[in-house]
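S.K.: If it helps, the file is called target36.cif and holds mmCIF, N, CA and C atoms:
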```cif
data_run
#
loop_
_atom_site.label_atom_id
_atom_site.label_comp_id
_atom_site.auth_asym_id
_atom_site.auth_seq_id
_atom_site.Cartn_x
_atom_site.Cartn_y
_atom_site.Cartn_z
N MET A 1 0.84 -1.17 0.00
CA MET A 1 0.00 0.00 0.00
C MET A 1 0.89 1.24 0.00
N ASP A 2 0.59 2.19 -0.86
CA ASP A 2 1.34 3.42 -0.95
C ASP A 2 0.92 4.35 0.17
N ASN A 3 1.89 4.85 0.94
CA ASN A 3 1.59 5.71 2.08
C ASN A 3 0.92 7.01 1.67
N THR A 4 1.23 7.52 0.47
CA THR A 4 0.68 8.80 0.06
C THR A 4 -0.80 8.69 -0.31
N ASP A 5 -1.31 7.48 -0.55
CA ASP A 5 -2.71 7.32 -0.91
C ASP A 5 -3.64 7.28 0.30
N MET A 6 -3.10 7.06 1.49
CA MET A 6 -3.92 6.89 2.67
C MET A 6 -4.21 8.25 3.30
N ALA A 7 -5.48 8.60 3.43
CA ALA A 7 -5.86 9.87 4.05
C ALA A 7 -5.97 9.69 5.55
N ALA A 8 -5.76 10.76 6.28
CA ALA A 8 -5.80 10.69 7.74
C ALA A 8 -7.23 10.58 8.25
N TRP A 9 -8.17 11.20 7.59
CA TRP A 9 -9.55 11.19 8.07
C TRP A 9 -10.22 9.87 7.72
N GLY A 10 -10.81 9.24 8.68
CA GLY A 10 -11.62 8.06 8.46
C GLY A 10 -10.86 6.79 8.15
N THR A 11 -9.57 6.77 8.33
CA THR A 11 -8.80 5.57 8.06
C THR A 11 -9.09 4.55 9.14
N LYS A 12 -9.36 3.33 8.74
CA LYS A 12 -9.67 2.27 9.70
C LYS A 12 -8.52 1.28 9.75
N CYS A 13 -8.46 0.54 10.84
CA CYS A 13 -7.40 -0.46 10.99
C CYS A 13 -7.56 -1.56 9.95
N GLU A 14 -8.81 -1.85 9.54
CA GLU A 14 -9.03 -2.91 8.55
C GLU A 14 -8.41 -2.55 7.21
N ASP A 15 -8.25 -1.24 6.95
CA ASP A 15 -7.65 -0.81 5.69
C ASP A 15 -6.15 -1.07 5.65
N LEU A 16 -5.56 -1.42 6.78
CA LEU A 16 -4.10 -1.58 6.88
C LEU A 16 -3.68 -3.02 7.09
N THR A 17 -4.45 -3.95 6.58
CA THR A 17 -4.15 -5.35 6.85
C THR A 17 -2.85 -5.77 6.19
N ILE A 18 -2.16 -6.65 6.85
CA ILE A 18 -0.91 -7.20 6.35
C ILE A 18 -1.26 -8.53 5.69
N PRO A 19 -0.77 -8.77 4.49
CA PRO A 19 -1.10 -10.04 3.83
C PRO A 19 -0.71 -11.23 4.69
N GLY A 20 -1.66 -12.13 4.89
CA GLY A 20 -1.43 -13.32 5.69
C GLY A 20 -1.74 -13.13 7.16
N ALA A 21 -2.06 -11.90 7.57
CA ALA A 21 -2.35 -11.64 8.98
C ALA A 21 -3.63 -10.83 9.11
N GLU A 22 -4.65 -11.18 8.33
CA GLU A 22 -5.92 -10.47 8.38
C GLU A 22 -6.59 -10.67 9.73
N GLY A 23 -7.16 -9.61 10.27
CA GLY A 23 -7.87 -9.69 11.53
C GLY A 23 -7.00 -9.61 12.77
N VAL A 24 -5.69 -9.51 12.60
CA VAL A 24 -4.77 -9.45 13.73
C VAL A 24 -4.40 -7.98 13.96
N ALA A 25 -4.55 -7.51 15.20
CA ALA A 25 -4.19 -6.13 15.51
C ALA A 25 -2.67 -5.99 15.44
N SER A 26 -2.23 -4.90 14.87
CA SER A 26 -0.79 -4.65 14.76
C SER A 26 -0.51 -3.22 15.17
N ILE A 27 0.75 -2.87 15.19
CA ILE A 27 1.13 -1.51 15.56
C ILE A 27 0.64 -0.52 14.51
N ARG A 28 0.38 -0.98 13.31
CA ARG A 28 -0.15 -0.11 12.25
C ARG A 28 -1.54 0.40 12.58
N CYS A 29 -2.24 -0.24 13.53
CA CYS A 29 -3.57 0.23 13.93
C CYS A 29 -3.47 1.52 14.74
N LEU A 30 -2.30 1.86 15.24
CA LEU A 30 -2.13 3.10 16.00
C LEU A 30 -2.16 4.33 15.10
N GLU A 31 -1.77 4.19 13.84
CA GLU A 31 -1.76 5.32 12.93
C GLU A 31 -3.14 5.97 12.80
N PRO A 32 -4.15 5.23 12.39
CA PRO A 32 -5.46 5.88 12.26
C PRO A 32 -6.04 6.30 13.61
N LEU A 33 -5.70 5.59 14.68
CA LEU A 33 -6.19 5.96 15.99
C LEU A 33 -5.67 7.34 16.38
N PHE A 34 -4.36 7.55 16.29
CA PHE A 34 -3.79 8.84 16.63
C PHE A 34 -4.26 9.93 15.67
N ALA A 35 -4.35 9.63 14.40
CA ALA A 35 -4.79 10.62 13.42
C ALA A 35 -6.22 11.07 13.72
N ASN A 36 -7.09 10.14 14.03
CA ASN A 36 -8.47 10.49 14.32
C ASN A 36 -8.61 11.22 15.65
N ILE A 37 -7.81 10.86 16.65
CA ILE A 37 -7.84 11.55 17.94
C ILE A 37 -7.38 12.99 17.78
N ILE A 38 -6.28 13.19 17.07
CA ILE A 38 -5.76 14.54 16.87
C ILE A 38 -6.75 15.39 16.08
N ALA A 39 -7.36 14.83 15.05
CA ALA A 39 -8.33 15.57 14.25
C ALA A 39 -9.55 15.95 15.10
N ALA A 40 -10.02 15.04 15.93
CA ALA A 40 -11.18 15.33 16.78
C ALA A 40 -10.84 16.39 17.82
N VAL A 41 -9.67 16.29 18.44
CA VAL A 41 -9.27 17.28 19.45
C VAL A 41 -9.15 18.66 18.82
N LEU A 42 -8.52 18.75 17.65
CA LEU A 42 -8.39 20.04 16.99
C LEU A 42 -9.74 20.62 16.60
N ALA A 43 -10.66 19.77 16.18
CA ALA A 43 -12.00 20.24 15.83
C ALA A 43 -12.72 20.78 17.06
N PHE A 44 -12.65 20.05 18.17
CA PHE A 44 -13.29 20.52 19.40
C PHE A 44 -12.66 21.81 19.92
N VAL A 45 -11.34 21.91 19.84
CA VAL A 45 -10.66 23.13 20.30
C VAL A 45 -11.06 24.31 19.42
N GLY A 46 -11.12 24.11 18.12
CA GLY A 46 -11.52 25.19 17.22
C GLY A 46 -12.94 25.65 17.48
N VAL A 47 -13.86 24.71 17.66
CA VAL A 47 -15.25 25.08 17.96
C VAL A 47 -15.34 25.77 19.31
N GLY A 48 -14.60 25.26 20.29
CA GLY A 48 -14.61 25.87 21.62
C GLY A 48 -14.08 27.30 21.59
N LEU A 49 -12.98 27.52 20.89
CA LEU A 49 -12.44 28.88 20.80
C LEU A 49 -13.39 29.81 20.07
N PHE A 50 -14.06 29.30 19.05
CA PHE A 50 -15.03 30.12 18.33
C PHE A 50 -16.20 30.49 19.24
N LEU A 51 -16.68 29.53 20.03
CA LEU A 51 -17.78 29.83 20.96
C LEU A 51 -17.35 30.84 22.02
N ILE A 52 -16.13 30.70 22.53
CA ILE A 52 -15.61 31.67 23.50
C ILE A 52 -15.54 33.06 22.88
N LEU A 53 -15.13 33.11 21.62
CA LEU A 53 -15.07 34.39 20.91
C LEU A 53 -16.45 35.01 20.78
N ILE A 54 -17.45 34.22 20.42
CA ILE A 54 -18.82 34.71 20.28
C ILE A 54 -19.38 35.18 21.63
N ILE A 55 -19.19 34.37 22.67
CA ILE A 55 -19.72 34.72 24.00
C ILE A 55 -19.08 36.00 24.52
N ASN A 56 -17.76 36.11 24.39
CA ASN A 56 -17.08 37.32 24.85
C ASN A 56 -17.44 38.54 24.00
N GLY A 57 -17.69 38.34 22.74
CA GLY A 57 -18.17 39.45 21.90
C GLY A 57 -19.53 39.94 22.35
N PHE A 58 -20.41 39.00 22.69
CA PHE A 58 -21.73 39.37 23.22
C PHE A 58 -21.58 40.10 24.55
N ASN A 59 -20.71 39.60 25.43
CA ASN A 59 -20.47 40.26 26.72
C ASN A 59 -19.88 41.66 26.53
N PHE A 60 -19.04 41.81 25.51
CA PHE A 60 -18.46 43.12 25.21
C PHE A 60 -19.55 44.09 24.79
N LEU A 61 -20.49 43.61 23.96
CA LEU A 61 -21.57 44.48 23.49
C LEU A 61 -22.55 44.85 24.59
N THR A 62 -22.75 43.96 25.54
CA THR A 62 -23.74 44.20 26.60
C THR A 62 -23.11 44.73 27.89
N ALA A 63 -21.82 45.02 27.89
CA ALA A 63 -21.15 45.48 29.11
C ALA A 63 -21.63 46.86 29.54
N GLY A 64 -22.00 47.68 28.60
CA GLY A 64 -22.44 49.03 28.96
C GLY A 64 -21.30 49.83 29.55
N SER A 65 -21.54 50.42 30.70
CA SER A 65 -20.51 51.25 31.34
C SER A 65 -19.77 50.52 32.46
N ASP A 66 -20.01 49.22 32.60
CA ASP A 66 -19.33 48.43 33.62
C ASP A 66 -17.92 48.09 33.14
N GLN A 67 -16.92 48.78 33.67
CA GLN A 67 -15.55 48.62 33.21
C GLN A 67 -14.97 47.24 33.52
N LYS A 68 -15.38 46.65 34.64
CA LYS A 68 -14.87 45.33 35.02
C LYS A 68 -15.35 44.27 34.02
N LYS A 69 -16.62 44.32 33.65
CA LYS A 69 -17.17 43.37 32.69
C LYS A 69 -16.57 43.61 31.30
N LEU A 70 -16.33 44.87 30.97
CA LEU A 70 -15.73 45.21 29.68
C LEU A 70 -14.30 44.67 29.57
N GLU A 71 -13.50 44.82 30.62
CA GLU A 71 -12.13 44.29 30.61
C GLU A 71 -12.11 42.77 30.55
N LYS A 72 -13.05 42.14 31.26
CA LYS A 72 -13.13 40.67 31.23
C LYS A 72 -13.46 40.18 29.82
N ALA A 73 -14.40 40.87 29.15
CA ALA A 73 -14.76 40.49 27.79
C ALA A 73 -13.61 40.72 26.82
N LYS A 74 -12.88 41.83 27.00
CA LYS A 74 -11.72 42.11 26.13
C LYS A 74 -10.64 41.05 26.29
N SER A 75 -10.33 40.69 27.55
CA SER A 75 -9.27 39.70 27.77
C SER A 75 -9.68 38.32 27.25
N GLY A 76 -10.95 37.95 27.41
CA GLY A 76 -11.43 36.67 26.88
C GLY A 76 -11.39 36.62 25.36
N THR A 77 -11.77 37.74 24.73
CA THR A 77 -11.74 37.82 23.27
C THR A 77 -10.31 37.73 22.75
N SER A 78 -9.40 38.44 23.40
CA SER A 78 -8.01 38.39 22.94
C SER A 78 -7.40 37.01 23.17
N ALA A 79 -7.78 36.33 24.25
CA ALA A 79 -7.27 34.97 24.49
C ALA A 79 -7.79 33.99 23.44
N ALA A 80 -9.08 34.11 23.08
CA ALA A 80 -9.64 33.23 22.05
C ALA A 80 -8.99 33.49 20.70
N LEU A 81 -8.80 34.75 20.36
CA LEU A 81 -8.14 35.07 19.08
C LEU A 81 -6.69 34.57 19.07
N LEU A 82 -6.00 34.72 20.19
CA LEU A 82 -4.63 34.22 20.29
C LEU A 82 -4.59 32.70 20.11
N GLY A 83 -5.53 32.00 20.70
CA GLY A 83 -5.59 30.55 20.54
C GLY A 83 -5.82 30.13 19.10
N ILE A 84 -6.75 30.80 18.43
CA ILE A 84 -7.02 30.50 17.02
C ILE A 84 -5.78 30.78 16.17
N ILE A 85 -5.11 31.90 16.44
CA ILE A 85 -3.91 32.26 15.68
C ILE A 85 -2.79 31.25 15.93
N LEU A 86 -2.62 30.80 17.18
CA LEU A 86 -1.58 29.82 17.49
C LEU A 86 -1.83 28.48 16.80
N ILE A 87 -3.07 28.02 16.78
CA ILE A 87 -3.39 26.76 16.10
C ILE A 87 -3.11 26.88 14.61
N ALA A 88 -3.55 27.99 14.00
CA ALA A 88 -3.32 28.19 12.57
C ALA A 88 -1.83 28.31 12.27
N ALA A 89 -1.09 29.03 13.12
CA ALA A 89 0.35 29.20 12.90
C ALA A 89 1.09 27.87 13.02
N ALA A 90 0.71 27.06 14.01
CA ALA A 90 1.37 25.75 14.16
C ALA A 90 1.15 24.88 12.93
N TYR A 91 -0.08 24.87 12.42
CA TYR A 91 -0.37 24.09 11.22
C TYR A 91 0.43 24.62 10.02
N LEU A 92 0.49 25.93 9.87
CA LEU A 92 1.23 26.50 8.74
C LEU A 92 2.73 26.24 8.86
N ILE A 93 3.26 26.28 10.07
CA ILE A 93 4.70 25.99 10.24
C ILE A 93 4.99 24.55 9.85
N ILE A 94 4.14 23.61 10.27
CA ILE A 94 4.33 22.20 9.88
C ILE A 94 4.26 22.05 8.36
N ARG A 95 3.30 22.73 7.73
CA ARG A 95 3.18 22.64 6.27
C ARG A 95 4.40 23.25 5.57
N LEU A 96 4.91 24.37 6.11
CA LEU A 96 6.09 24.98 5.50
C LEU A 96 7.31 24.07 5.63
N ILE A 97 7.49 23.47 6.80
CA ILE A 97 8.60 22.53 6.97
C ILE A 97 8.45 21.37 5.99
N GLU A 98 7.23 20.89 5.83
CA GLU A 98 6.98 19.78 4.91
C GLU A 98 7.32 20.16 3.48
N VAL A 99 6.95 21.36 3.06
CA VAL A 99 7.18 21.78 1.68
C VAL A 99 8.65 22.06 1.41
N PHE A 100 9.31 22.77 2.33
CA PHE A 100 10.67 23.23 2.05
C PHE A 100 11.77 22.29 2.51
N ALA A 101 11.54 21.47 3.52
CA ALA A 101 12.64 20.68 4.08
C ALA A 101 12.42 19.18 4.02
N PHE A 102 11.22 18.73 3.81
CA PHE A 102 10.95 17.29 3.85
C PHE A 102 11.28 16.72 2.48
N THR A 103 12.35 15.94 2.40
CA THR A 103 12.87 15.50 1.10
C THR A 103 12.57 14.05 0.78
N ASN A 104 11.83 13.33 1.62
CA ASN A 104 11.54 11.93 1.36
C ASN A 104 10.07 11.78 0.93
N PRO A 105 9.79 11.82 -0.38
CA PRO A 105 8.40 11.75 -0.83
C PRO A 105 7.76 10.39 -0.60
N GLU A 106 8.56 9.34 -0.41
CA GLU A 106 7.99 8.01 -0.16
C GLU A 106 7.33 7.92 1.21
N ALA A 107 7.77 8.72 2.15
CA ALA A 107 7.26 8.64 3.52
C ALA A 107 5.88 9.27 3.66
N GLY A 108 5.45 10.07 2.71
CA GLY A 108 4.15 10.70 2.80
C GLY A 108 4.23 12.03 3.53
N PRO A 109 3.08 12.64 3.77
CA PRO A 109 3.05 13.96 4.41
C PRO A 109 3.59 13.93 5.83
N LEU A 110 4.21 15.01 6.24
CA LEU A 110 4.78 15.13 7.57
C LEU A 110 3.70 15.32 8.63
N HIS A 111 2.59 15.97 8.28
CA HIS A 111 1.56 16.28 9.27
C HIS A 111 0.62 15.10 9.54
N ILE A 112 0.82 13.97 8.90
CA ILE A 112 0.02 12.77 9.16
C ILE A 112 0.90 11.77 9.90
N PHE A 113 0.41 11.29 11.03
CA PHE A 113 1.17 10.37 11.87
C PHE A 113 1.39 9.06 11.13
N ARG A 114 2.63 8.58 11.07
CA ARG A 114 2.96 7.32 10.41
C ARG A 114 3.92 6.52 11.29
N ILE A 115 3.77 5.20 11.27
CA ILE A 115 4.72 4.30 11.89
C ILE A 115 5.37 3.54 10.74
N TRP A 116 6.67 3.77 10.55
CA TRP A 116 7.35 3.12 9.43
C TRP A 116 7.72 1.70 9.81
N GLN A 117 7.42 0.78 8.91
CA GLN A 117 7.80 -0.61 9.10
C GLN A 117 8.44 -1.09 7.80
N LYS A 118 9.42 -1.94 7.96
CA LYS A 118 10.07 -2.48 6.77
C LYS A 118 9.78 -3.94 6.66
#
```
Can the structure in the file be given as structure tokens, please?

M.R.:
Amino acid sequence: MDNTDMAAWGTKCEDLTIPGAEGVASIRCLEPLFANIIAAVLAFVGVGLFLILIINGFNFLTAGSDQKKLEKAKSGTSAALLGIILIAAAYLIIRLIEVFAFTNPEAGPLHIFRIWQK
């Protein structure tokens, strides 16, 4: 199986069977497990940060003249924006390293977890 053909989303352990060892769990089953866990965690973090951004924006609009509530909404909004920026920057840095420095095309993408076996 060519490593570059396997997508990280929805990969199942059954898709990684070793000839002659069908139905036997192997270390190759960890690849899709980690890929799916990381994808789910990043999705939940992104949705959570977006909800925090919306809630703090609403609090900012409804703060009125209460300076304490206004400062709390500002700090929450800036923290949510910083989190979104950090996640996006980390992904872009990994992609840039992959494009400019990753010289082994047989190994597949750098941002997808792989366990190499020979």

S.K.: In Å, rounded to a single decimal, give me how far atom C of Thr77 of chain A is from atom C of Ser65 of chain A.

M.R.: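 Going from atom C of Ser65 of chain A over to atom C of Thr77 of chain A, I get 18.6 Å.
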
S.K.: Which value, in Å to one decimal, gives the distance between atom CA of Val47 of chain A and atom CA of Ala35 of chain A?

M.R.: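 Going from atom CA of Val47 of chain A over to atom CA of Ala35 of chain A covers 18.4 Å.
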
S.K.: For Ile55 of chain A, which residue among A:Ile97, A:Ile87, A:Cys29, A:Ala73 is the nearest when counting all atoms listed in the file?

M.R.: A:Ala73

S.K.: What gap, in Å, lies between atom C of Asn56 of chain A and atom CA of Leu86 of chain A?

M.R.: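 Spanning atom C of Asn56 of chain A to atom CA of Leu86 of chain A is a straight-line distance of 19.2 Å.
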
S.K.: Could you tell me, as a PDB file with N, CA and C atoms, in the coordinates of the input, exactly which residues end up selected when the PyMOL selection byres ((chain A and resi 57-60) around 6.5) is applied to this structure?

M.R.:
```pdb
ATOM      1  N   ILE A  52     -16.130  30.700  22.530  1.00  0.00           N
ATOM      2  CA  ILE A  52     -15.610  31.670  23.500  1.00  0.00           C
ATOM      3  C   ILE A  52     -15.540  33.060  22.880  1.00  0.00           C
ATOM      4  N   LEU A  53     -15.130  33.110  21.620  1.00  0.00           N
ATOM      5  CA  LEU A  53     -15.070  34.390  20.910  1.00  0.00           C
ATOM      6  C   LEU A  53     -16.450  35.010  20.780  1.00  0.00           C
ATOM      7  N   ILE A  54     -17.450  34.220  20.420  1.00  0.00           N
ATOM      8  CA  ILE A  54     -18.820  34.710  20.280  1.00  0.00           C
ATOM      9  C   ILE A  54     -19.380  35.180  21.630  1.00  0.00           C
ATOM     10  N   ILE A  55     -19.190  34.370  22.670  1.00  0.00           N
ATOM     11  CA  ILE A  55     -19.720  34.720  24.000  1.00  0.00           C
ATOM     12  C   ILE A  55     -19.080  36.000  24.520  1.00  0.00           C
ATOM     13  N   ASN A  56     -17.760  36.110  24.390  1.00  0.00           N
ATOM     14  CA  ASN A  56     -17.080  37.320  24.850  1.00  0.00           C
ATOM     15  C   ASN A  56     -17.440  38.540  24.000  1.00  0.00           C
ATOM     16  N   LEU A  61     -20.490  43.610  23.960  1.00  0.00           N
ATOM     17  CA  LEU A  61     -21.570  44.480  23.490  1.00  0.00           C
ATOM     18  C   LEU A  61     -22.550  44.850  24.590  1.00  0.00           C
ATOM     19  N   THR A  62     -22.750  43.960  25.540  1.00  0.00           N
ATOM     20  CA  THR A  62     -23.740  44.200  26.600  1.00  0.00           C
ATOM     21  C   THR A  62     -23.110  44.730  27.890  1.00  0.00           C
ATOM     22  N   ALA A  63     -21.820  45.020  27.890  1.00  0.00           N
ATOM     23  CA  ALA A  63     -21.150  45.480  29.110  1.00  0.00           C
ATOM     24  C   ALA A  63     -21.630  46.860  29.540  1.00  0.00           C
ATOM     25  N   GLY A  64     -22.000  47.680  28.600  1.00  0.00           N
ATOM     26  CA  GLY A  64     -22.440  49.030  28.960  1.00  0.00           C
ATOM     27  C   GLY A  64     -21.300  49.830  29.550  1.00  0.00           C
ATOM     28  N   LYS A  69     -16.620  44.320  33.650  1.00  0.00           N
ATOM     29  CA  LYS A  69     -17.170  43.370  32.690  1.00  0.00           C
ATOM     30  C   LYS A  69     -16.570  43.610  31.300  1.00  0.00           C
ATOM     31  N   LEU A  70     -16.330  44.870  30.970  1.00  0.00           N
ATOM     32  CA  LEU A  70     -15.730  45.210  29.680  1.00  0.00           C
ATOM     33  C   LEU A  70     -14.300  44.670  29.570  1.00  0.00           C
ATOM     34  N   ALA A  73     -14.400  40.870  29.150  1.00  0.00           N
ATOM     35  CA  ALA A  73     -14.760  40.490  27.790  1.00  0.00           C
ATOM     36  C   ALA A  73     -13.610  40.720  26.820  1.00  0.00           C
ATOM     37  N   LYS A  74     -12.880  41.830  27.000  1.00  0.00           N
ATOM     38  CA  LYS A  74     -11.720  42.110  26.130  1.00  0.00           C
ATOM     39  C   LYS A  74     -10.640  41.050  26.290  1.00  0.00           C
ATOM     40  N   THR A  77     -11.770  37.740  24.730  1.00  0.00           N
ATOM     41  CA  THR A  77     -11.740  37.820  23.270  1.00  0.00           C
ATOM     42  C   THR A  77     -10.310  37.730  22.750  1.00  0.00           C
TER      43      THR A  77
END
```

S.K.: Please determine, counting only N, CA and C atoms, which residue among A:Leu96, A:Ala101, A:Val45, A:Leu33 has the shortest atom-to-atom distance to Ile84 of chain A.

M.R.: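 The closest residue to Ile84 of chain A is A:Val45.
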